[in-house]
$ cat structure-v2.json   # JSON, C-alpha atoms
[["chain", "number", "residue", "atom", "x", "y", "z"],
["A", 1, "MET", "CA", -2.41, 37.79, -2.40],
["A", 2, "THR", "CA", -2.00, 38.59, -6.02],
["A", 3, "PRO", "CA", -3.93, 36.64, -8.66],
["A", 4, "ALA", "CA", -0.66, 34.93, -9.67],
["A", 5, "GLN", "CA", -0.06, 33.76, -6.11],
["A", 6, "ILE", "CA", -3.65, 32.53, -5.81],
["A", 7, "ALA", "CA", -3.23, 30.60, -9.05],
["A", 8, "GLN", "CA", 0.06, 29.11, -7.84],
["A", 9, "LEU", "CA", -1.56, 28.06, -4.57],
["A", 10, "ALA", "CA", -4.52, 26.53, -6.38],
["A", 11, "ILE", "CA", -2.19, 24.51, -8.61],
["A", 12, "ILE", "CA", -0.42, 23.12, -5.55],
["A", 13, "LEU", "CA", -3.51, 22.48, -3.45],
["A", 14, "ALA", "CA", -5.85, 21.09, -6.09],
["A", 15, "PRO", "CA", -4.15, 17.68, -6.53],
["A", 16, "ILE", "CA", -3.67, 17.42, -2.76],
["A", 17, "ALA", "CA", -7.37, 18.10, -2.17],
["A", 18, "GLN", "CA", -8.29, 15.62, -4.88],
["A", 19, "SER", "CA", -6.15, 12.84, -3.39],
["A", 20, "ILE", "CA", -7.55, 13.57, 0.09],
["A", 21, "ALA", "CA", -11.11, 13.38, -1.24],
["A", 22, "VAL", "CA", -10.38, 10.08, -3.01],
["A", 23, "LYS", "CA", -8.78, 8.60, 0.11],
["A", 24, "GLY", "CA", -11.71, 9.81, 2.22],
["A", 25, "GLN", "CA", -14.14, 8.05, -0.10],
["A", 26, "GLU", "CA", -12.02, 4.87, 0.08],
["A", 27, "ILE", "CA", -12.07, 4.91, 3.86],
["A", 28, "VAL", "CA", -15.85, 5.42, 3.95],
["A", 29, "ALA", "CA", -16.32, 2.60, 1.43],
["A", 30, "THR", "CA", -14.08, 0.31, 3.47],
["A", 31, "TYR", "CA", -16.03, 0.92, 6.65],
["A", 32, "ARG", "CA", -19.39, 0.43, 4.96],
["A", 33, "SER", "CA", -18.40, -2.70, 3.05],
["A", 34, "ASP", "CA", -19.23, -6.08, 4.53],
["A", 35, "LEU", "CA", -15.72, -7.52, 4.40],
["A", 36, "LYS", "CA", -15.00, -11.00, 5.64],
["A", 37, "GLN", "CA", -12.11, -11.56, 8.02],
["A", 38, "GLU", "CA", -10.06, -13.19, 5.24],
["A", 39, "ASP", "CA", -10.61, -10.13, 3.03],
["A", 40, "ILE", "CA", -9.43, -7.80, 5.79],
["A", 41, "ASN", "CA", -6.35, -9.93, 6.44],
["A", 42, "ARG", "CA", -5.53, -9.97, 2.71],
["A", 43, "SER", "CA", -6.03, -6.19, 2.43],
["A", 44, "LEU", "CA", -3.74, -5.63, 5.41],
["A", 45, "GLU", "CA", -1.03, -7.86, 3.91],
["A", 46, "LEU", "CA", -1.24, -5.85, 0.68],
["A", 47, "SER", "CA", -1.17, -2.54, 2.59],
["A", 48, "LYS", "CA", 2.25, -3.20, 4.13],
["A", 49, "SER", "CA", 4.86, -0.52, 3.66],
["A", 50, "ALA", "CA", 6.64, -2.33, 0.83],
["A", 51, "ASN", "CA", 3.78, -1.07, -1.35],
["A", 52, "TRP", "CA", 3.89, 2.52, -0.08],
["A", 53, "PRO", "CA", 5.16, 5.29, -2.38],
["A", 54, "GLU", "CA", 8.83, 6.21, -2.14],
["A", 55, "LEU", "CA", 8.90, 9.85, -1.00],
["A", 56, "ASP", "CA", 12.09, 11.89, -0.64],
["A", 57, "PHE", "CA", 10.54, 15.14, 0.73],
["A", 58, "ALA", "CA", 13.08, 17.04, -1.38],
["A", 59, "GLN", "CA", 12.70, 20.74, -1.96],
["A", 60, "ASP", "CA", 12.75, 21.16, -5.73],
["A", 61, "GLY", "CA", 10.73, 24.36, -6.03],
["A", 62, "THR", "CA", 10.86, 27.85, -4.66],
["A", 63, "LEU", "CA", 8.27, 30.08, -3.10],
["B", 1, "MET", "CA", -6.54, 45.03, 10.22],
["B", 2, "ASN", "CA", -5.82, 44.19, 6.61],
["B", 3, "LYS", "CA", -7.65, 41.52, 4.61],
["B", 4, "LYS", "CA", -4.88, 38.94, 5.05],
["B", 5, "ASN", "CA", -4.89, 39.29, 8.81],
["B", 6, "SER", "CA", -8.66, 39.20, 8.99],
["B", 7, "VAL", "CA", -8.61, 35.78, 7.30],
["B", 8, "ALA", "CA", -6.03, 34.55, 9.83],
["B", 9, "ALA", "CA", -8.04, 36.02, 12.71],
["B", 10, "THR", "CA", -11.26, 34.38, 11.53],
["B", 11, "LEU", "CA", -9.58, 30.99, 11.24],
["B", 12, "ALA", "CA", -7.92, 31.40, 14.64],
["B", 13, "ILE", "CA", -11.23, 32.30, 16.31],
["B", 14, "ALA", "CA", -12.95, 29.34, 14.63],
["B", 15, "ALA", "CA", -10.19, 26.98, 15.80],
["B", 16, "MET", "CA", -10.35, 28.35, 19.35],
["B", 17, "LEU", "CA", -14.15, 28.08, 19.48],
["B", 18, "GLY", "CA", -13.96, 24.51, 18.19],
["B", 19, "PHE", "CA", -11.35, 23.65, 20.80],
["B", 20, "LEU", "CA", -13.38, 25.21, 23.63],
["B", 21, "CYS", "CA", -16.55, 23.45, 22.46],
["B", 22, "THR", "CA", -14.68, 20.15, 22.45],
["B", 23, "LEU", "CA", -13.44, 20.77, 25.98],
["B", 24, "ALA", "CA", -16.98, 21.67, 27.07],
["B", 25, "TYR", "CA", -18.27, 18.46, 25.52],
["B", 26, "LEU", "CA", -15.60, 16.43, 27.30],
["B", 27, "ALA", "CA", -16.57, 18.09, 30.59],
["B", 28, "VAL", "CA", -20.19, 16.93, 30.40],
["B", 29, "GLY", "CA", -20.24, 13.99, 28.00],
["B", 30, "THR", "CA", -18.40, 10.80, 27.20],
["B", 31, "VAL", "CA", -16.96, 9.70, 23.89],
["B", 32, "PRO", "CA", -18.37, 6.34, 22.70],
["B", 33, "ALA", "CA", -15.72, 3.63, 22.88],
["B", 34, "THR", "CA", -16.10, 2.85, 19.17],
["B", 35, "ASN", "CA", -15.34, 6.47, 18.24],
["B", 36, "ARG", "CA", -12.50, 7.04, 20.67],
["B", 37, "ASP", "CA", -9.67, 6.55, 18.16],
["B", 38, "PHE", "CA", -11.23, 8.93, 15.67],
["B", 39, "PHE", "CA", -11.99, 11.46, 18.39],
["B", 40, "ASN", "CA", -8.35, 11.38, 19.51],
["B", 41, "MET", "CA", -7.11, 12.01, 15.97],
["B", 42, "ALA", "CA", -9.60, 14.85, 15.45],
["B", 43, "LEU", "CA", -8.61, 16.43, 18.78],
["B", 44, "VAL", "CA", -4.91, 16.35, 17.84],
["B", 45, "ALA", "CA", -5.73, 18.02, 14.50],
["B", 46, "LEU", "CA", -7.70, 20.68, 16.39],
["B", 47, "ILE", "CA", -4.81, 21.25, 18.79],
["B", 48, "GLY", "CA", -2.63, 21.74, 15.70],
["B", 49, "PHE", "CA", -4.99, 24.49, 14.54],
["B", 50, "VAL", "CA", -4.94, 26.24, 17.91],
["B", 51, "GLY", "CA", -1.15, 25.89, 18.19],
["B", 52, "THR", "CA", -0.71, 27.47, 14.78],
["B", 53, "ALA", "CA", -3.00, 30.35, 15.76],
["B", 54, "PHE", "CA", -1.16, 30.92, 19.04],
["B", 55, "GLY", "CA", 2.16, 30.74, 17.22],
["B", 56, "TYR", "CA", 1.01, 33.55, 14.97],
["B", 57, "TYR", "CA", -0.47, 35.90, 17.57],
["B", 58, "LEU", "CA", 1.85, 35.25, 20.49],
["B", 59, "GLY", "CA", 5.02, 34.51, 18.53],
["B", 60, "SER", "CA", 7.03, 36.89, 16.44],
["B", 61, "SER", "CA", 4.76, 36.74, 13.39],
["B", 62, "LEU", "CA", 2.22, 39.37, 14.49],
["B", 63, "GLY", "CA", 4.93, 41.82, 15.54],
["B", 64, "SER", "CA", 6.68, 41.23, 12.25],
["B", 65, "ALA", "CA", 3.43, 41.80, 10.37],
["B", 66, "GLN", "CA", 2.75, 45.05, 12.27],
["B", 67, "LYS", "CA", 6.31, 46.22, 11.61],
["B", 68, "ASN", "CA", 5.87, 45.53, 7.92],
["B", 69, "ASP", "CA", 2.57, 47.46, 7.91],
["B", 70, "LEU", "CA", 4.29, 50.40, 9.64],
["B", 71, "ILE", "CA", 7.19, 50.41, 7.16],
["B", 72, "ARG", "CA", 4.79, 50.15, 4.25],
["B", 73, "SER", "CA", 2.64, 53.05, 5.48],
["B", 74, "ALA", "CA", 5.66, 55.26, 6.21],
["B", 75, "ALA", "CA", 7.38, 54.72, 2.91],
["B", 76, "ALA", "CA", 6.26, 56.39, -0.27],
["B", 77, "VAL", "CA", 4.52, 53.56, -2.03],
["B", 78, "PRO", "CA", 4.24, 53.83, -5.80],
["B", 79, "ALA", "CA", 0.90, 53.23, -7.48],
["B", 80, "GLY", "CA", -0.13, 49.64, -7.94],
["B", 81, "PRO", "CA", -0.45, 46.65, -5.62],
["B", 82, "PRO", "CA", 2.20, 46.31, -2.90],
["B", 83, "PRO", "CA", 4.69, 43.48, -3.28],
["B", 84, "ALA", "CA", 3.73, 40.19, -1.68],
["B", 85, "ASP", "CA", 4.97, 39.95, 1.88],
["B", 86, "GLN", "CA", 5.54, 36.27, 2.49],
["B", 87, "SER", "CA", 6.93, 36.79, 5.95],
["B", 88, "GLN", "CA", 3.41, 37.24, 7.31],
["B", 89, "ALA", "CA", 2.29, 34.07, 8.94],
["B", 90, "GLY", "CA", -1.30, 34.76, 7.95],
["B", 91, "TYR", "CA", -0.24, 34.49, 4.33],
["B", 92, "ILE", "CA", 1.89, 31.40, 4.12],
["B", 93, "ARG", "CA", 0.14, 29.24, 6.69],
["B", 94, "LEU", "CA", -3.14, 29.24, 4.81],
["B", 95, "PRO", "CA", -2.26, 26.19, 2.67],
["B", 96, "LEU", "CA", -1.27, 24.33, 5.81],
["B", 97, "LEU", "CA", -4.50, 25.28, 7.53],
["B", 98, "PHE", "CA", -6.30, 24.04, 4.44],
["B", 99, "LEU", "CA", -4.38, 20.78, 4.61],
["B", 100, "LEU", "CA", -5.24, 20.27, 8.28],
["B", 101, "ALA", "CA", -8.88, 21.10, 7.61],
["B", 102, "ALA", "CA", -8.96, 18.52, 4.83],
["B", 103, "PHE", "CA", -7.55, 15.85, 7.12],
["B", 104, "ALA", "CA", -10.01, 16.82, 9.83],
["B", 105, "CYS", "CA", -12.75, 16.24, 7.24],
["B", 106, "ILE", "CA", -11.33, 12.78, 6.47],
["B", 107, "ILE", "CA", -11.29, 11.90, 10.16],
["B", 108, "ALA", "CA", -14.85, 13.18, 10.61],
["B", 109, "LEU", "CA", -15.97, 11.25, 7.52],
["B", 110, "THR", "CA", -14.32, 8.13, 8.87],
["B", 111, "GLY", "CA", -16.10, 8.52, 12.18],
["B", 112, "CYS", "CA", -19.45, 9.12, 10.48],
["B", 113, "ALA", "CA", -18.97, 6.14, 8.19],
["B", 114, "HIS", "CA", -18.00, 4.03, 11.17],
["B", 115, "THR", "CA", -21.02, 4.99, 13.28],
["B", 116, "SER", "CA", -23.61, 5.07, 10.47],
["B", 117, "ALA", "CA", -22.72, 1.75, 8.90],
["B", 118, "THR", "CA", -25.90, 0.25, 10.29],
["B", 119, "GLY", "CA", -26.24, -2.38, 7.57],
["B", 120, "VAL", "CA", -22.83, -3.86, 8.41],
["B", 121, "THR", "CA", -22.41, -5.98, 11.51],
["B", 122, "ASP", "CA", -18.68, -6.10, 12.13],
["B", 123, "THR", "CA", -17.05, -7.94, 14.96],
["B", 124, "PRO", "CA", -14.62, -5.90, 17.09],
["B", 125, "LEU", "CA", -11.80, -7.74, 15.29],
["B", 126, "GLN", "CA", -13.08, -6.66, 11.87],
["B", 127, "THR", "CA", -13.56, -3.08, 13.08],
["B", 128, "ALA", "CA", -9.98, -3.09, 14.37],
["B", 129, "GLY", "CA", -8.72, -4.27, 10.97],
["B", 130, "LYS", "CA", -10.65, -1.53, 9.17],
["B", 131, "SER", "CA", -9.22, 1.05, 11.61],
["B", 132, "LEU", "CA", -5.72, -0.12, 10.74],
["B", 133, "LEU", "CA", -6.43, 0.26, 7.03],
["B", 134, "ALA", "CA", -7.72, 3.79, 7.69],
["B", 135, "VAL", "CA", -4.53, 4.66, 9.58],
["B", 136, "LYS", "CA", -2.46, 3.51, 6.60],
["B", 137, "SER", "CA", -4.51, 5.72, 4.28],
["B", 138, "THR", "CA", -4.02, 8.69, 6.60],
["B", 139, "ILE", "CA", -0.24, 8.19, 6.79],
["B", 140, "VAL", "CA", 0.27, 7.77, 3.04],
["B", 141, "THR", "CA", -2.04, 10.65, 2.12],
["B", 142, "ALA", "CA", -0.50, 12.99, 4.71],
["B", 143, "ALA", "CA", 3.03, 12.04, 3.65],
["B", 144, "THR", "CA", 2.26, 12.50, -0.04],
["B", 145, "ALA", "CA", 0.66, 15.90, 0.61],
["B", 146, "THR", "CA", 3.64, 16.96, 2.74],
["B", 147, "ASP", "CA", 6.03, 15.76, 0.03],
["B", 148, "ASN", "CA", 4.17, 17.89, -2.51],
["B", 149, "LEU", "CA", 4.38, 20.94, -0.23],
["B", 150, "CYS", "CA", 8.13, 20.34, 0.23],
["B", 151, "LYS", "CA", 8.62, 20.13, -3.52],
["B", 152, "ALA", "CA", 6.64, 23.35, -3.91],
["B", 153, "GLY", "CA", 8.94, 25.07, -1.40],
["B", 154, "LYS", "CA", 6.13, 25.73, 1.08],
["B", 155, "LEU", "CA", 7.80, 24.02, 4.04],
["B", 156, "THR", "CA", 11.14, 24.65, 5.70],
["B", 157, "PRO", "CA", 14.01, 22.18, 5.09],
["B", 158, "ASP", "CA", 13.89, 21.17, 8.77],
["B", 159, "THR", "CA", 10.21, 20.34, 8.51],
["B", 160, "CYS", "CA", 10.76, 18.28, 5.37],
["B", 161, "ALA", "CA", 13.57, 16.38, 7.09],
["B", 162, "GLN", "CA", 11.35, 15.73, 10.12],
["B", 163, "ALA", "CA", 8.50, 14.59, 7.88],
["B", 164, "LYS", "CA", 10.85, 12.22, 6.05],
["B", 165, "ALA", "CA", 12.05, 10.77, 9.36],
["B", 166, "ALA", "CA", 8.45, 10.34, 10.57],
["B", 167, "TYR", "CA", 7.50, 8.61, 7.32],
["B", 168, "GLU", "CA", 10.47, 6.24, 7.58],
["B", 169, "ILE", "CA", 9.53, 5.43, 11.19],
["B", 170, "ALA", "CA", 5.89, 4.93, 10.23],
["B", 171, "ARG", "CA", 6.67, 2.19, 7.70],
["B", 172, "PRO", "CA", 8.09, -0.47, 10.06],
["B", 173, "ALA", "CA", 5.66, 0.62, 12.80],
["B", 174, "TYR", "CA", 2.72, -0.03, 10.47],
["B", 175, "ASP", "CA", 4.16, -3.39, 9.40],
["B", 176, "MET", "CA", 4.50, -4.36, 13.07],
["B", 177, "ALA", "CA", 0.88, -3.32, 13.71],
["B", 178, "VAL", "CA", -0.29, -5.45, 10.76],
["B", 179, "ASP", "CA", 1.69, -8.45, 12.01],
["B", 180, "ALA", "CA", 0.30, -7.96, 15.53],
["B", 181, "TYR", "CA", -3.22, -7.77, 14.09],
["B", 182, "LEU", "CA", -2.76, -10.94, 12.06],
["B", 183, "LEU", "CA", -1.49, -12.72, 15.16],
["B", 184, "TYR", "CA", -4.40, -11.30, 17.15],
["B", 185, "SER", "CA", -6.88, -12.57, 14.55],
["B", 186, "THR", "CA", -5.52, -16.09, 14.98],
["B", 187, "GLY", "CA", -5.73, -16.05, 18.77],
["B", 188, "GLY", "CA", -2.79, -13.83, 19.67],
["B", 189, "ASP", "CA", -2.59, -11.18, 22.38],
["B", 190, "ALA", "CA", -4.95, -8.22, 21.91],
["B", 191, "ALA", "CA", -2.71, -6.00, 24.05],
["B", 192, "ASP", "CA", 0.19, -6.37, 21.59],
["B", 193, "TYR", "CA", -2.06, -5.29, 18.75],
["B", 194, "THR", "CA", -3.47, -2.34, 20.72],
["B", 195, "ALA", "CA", 0.03, -1.14, 21.64],
["B", 196, "ALA", "CA", 1.18, -1.36, 18.01],
["B", 197, "LEU", "CA", -1.94, 0.46, 16.79],
["B", 198, "VAL", "CA", -1.51, 3.28, 19.32],
["B", 199, "ARG", "CA", 2.13, 3.68, 18.26],
["B", 200, "VAL", "CA", 1.36, 3.92, 14.55],
["B", 201, "GLN", "CA", -1.55, 6.31, 15.23],
["B", 202, "GLY", "CA", 0.80, 8.50, 17.22],
["B", 203, "ILE", "CA", 3.25, 8.59, 14.31],
["B", 204, "ALA", "CA", 0.44, 9.56, 11.92],
["B", 205, "GLN", "CA", -0.58, 12.41, 14.21],
["B", 206, "ASN", "CA", 3.05, 13.55, 14.50],
["B", 207, "LEU", "CA", 3.28, 13.70, 10.72],
["B", 208, "LEU", "CA", 0.31, 16.08, 10.63],
["B", 209, "LEU", "CA", 1.71, 18.21, 13.46],
["B", 210, "ILE", "CA", 5.11, 18.43, 11.76],
["B", 211, "ALA", "CA", 3.48, 19.73, 8.59],
["B", 212, "SER", "CA", 1.31, 22.23, 10.48],
["B", 213, "GLY", "CA", 4.21, 23.74, 12.37],
["B", 214, "GLY", "CA", 6.77, 24.07, 9.61],
["B", 215, "ALA", "CA", 5.61, 26.83, 7.31],
["B", 216, "LYS", "CA", 8.22, 29.13, 5.88]]

$ encode --input "structure-v2.json" --output "structure tokens"
Amino acid sequence: MTPAQIAQLAIILAPIAQSIAVKGQEIVATYRSDLKQEDINRSLELSKSANWPELDFAQDGTL
Amino acid sequence: MNKKNSVAATLAIAAMLGFLCTLAYLAVGTVPATNRDFFNMALVALIGFVGTAFGYYLGSSLGSAQKNDLIRSAAAVPAGPPPADQSQAGYIRLPLLFLLAAFACIIALTGCAHTSATGVTDTPLQTAGKSLLAVKSTIVTAATATDNLCKAGKLTPDTCAQAKAAYEIARPAYDMAVDAYLLYSTGGDAADYTAALVRVQGIAQNLLLIASGGAK
């Protein structure tokens, strides 16, 4: 890989890695927190798919 | 073997060793019931690794790579670095292997957090609710990462279409699982909740497999 390709890959992967790390920390925090049943039920209501990001999986870029 | 292929070979050997070690563990040991869901997700991710490696070495990619090496060595190559050959699977699948490795880390972290949370005394119902929240995080993070790879042109159009379909299926499936859990928490049927959870976990795993198998 050329340095330009490595840089391009790093630009793509860096935010993905960051979001994965953040989500991983959230999951760990959730498991270790002493949530009451009402808190879990409320969190699940808020986590329903109406609040998920709208993704179109469109191909805007090129290789 | 050039540097690019040596990276692919190292990753393939690591994936195969991990897979064989997991099989060996399953042959002599038992997975704790509390970790079974996480173990299943990690095993599917590992199978994705091995499948990608087999696809490279036993599919057309290795032959294509060797052909390209032969053409490159036969032709008079001018001074300077050779042009990037993106048809080599060892080159373009690296970001996807990275993505799978990252999700494997999340799953491992989740399992560790689950088993080492000694200060928290959750009931099985609370643990089930936390598992459902973790599944949602996995789906949304995987879908967002796949969407980014599609926008960067790193996945084939077919793969992006499949990922979109899986994401659209995952949304109502997750809502159904949440509803089943809420019913379960108020005295409903545990089997309904378990069935809904298994379904949504399967969709999450499919999303990861779609991304791992769709490199250009």

$ atom_distance --input "structure-v2.json" --atom1 "CA of Val200 (chain B)" --atom2 "CA of Glu168 (chain B)"
11.7 Å

$ atom_distance --input "structure-v2.json" --atom1 "CA of Ala152 (chain B)" --atom2 "CA of Ala21 (chain A)"
20.5 Å

$ interface_residues --input "structure-v2.json" --of "chain A" --to "chain B" --cutoff "7 Å" --atoms "all atoms listed in the file" --output "PyMOL selection string"
chain A and resi 1+16+20+23-24+27-28+30-32+34+37+40-41+44+48-49+55-63

$ atom_distance --input "structure-v2.json" --atom1 "CA of Leu183 (chain B)" --atom2 "CA of Arg199 (chain B)"
17.1 Å

$ residues_near_point --input "structure-v2.json" --point "(-7.8, 20.1, 18.6)" --cutoff "10 Å" --atoms "all atoms listed in the file" --output "list in words"
Ala15, Met16, Gly18, Phe19, Leu20, Thr22, Leu23, Phe39, Asn40, Met41, Ala42, Leu43, Val44, Ala45, Leu46, Ile47, Gly48, Phe49, Val50, Gly51 and Ala104 of chain B
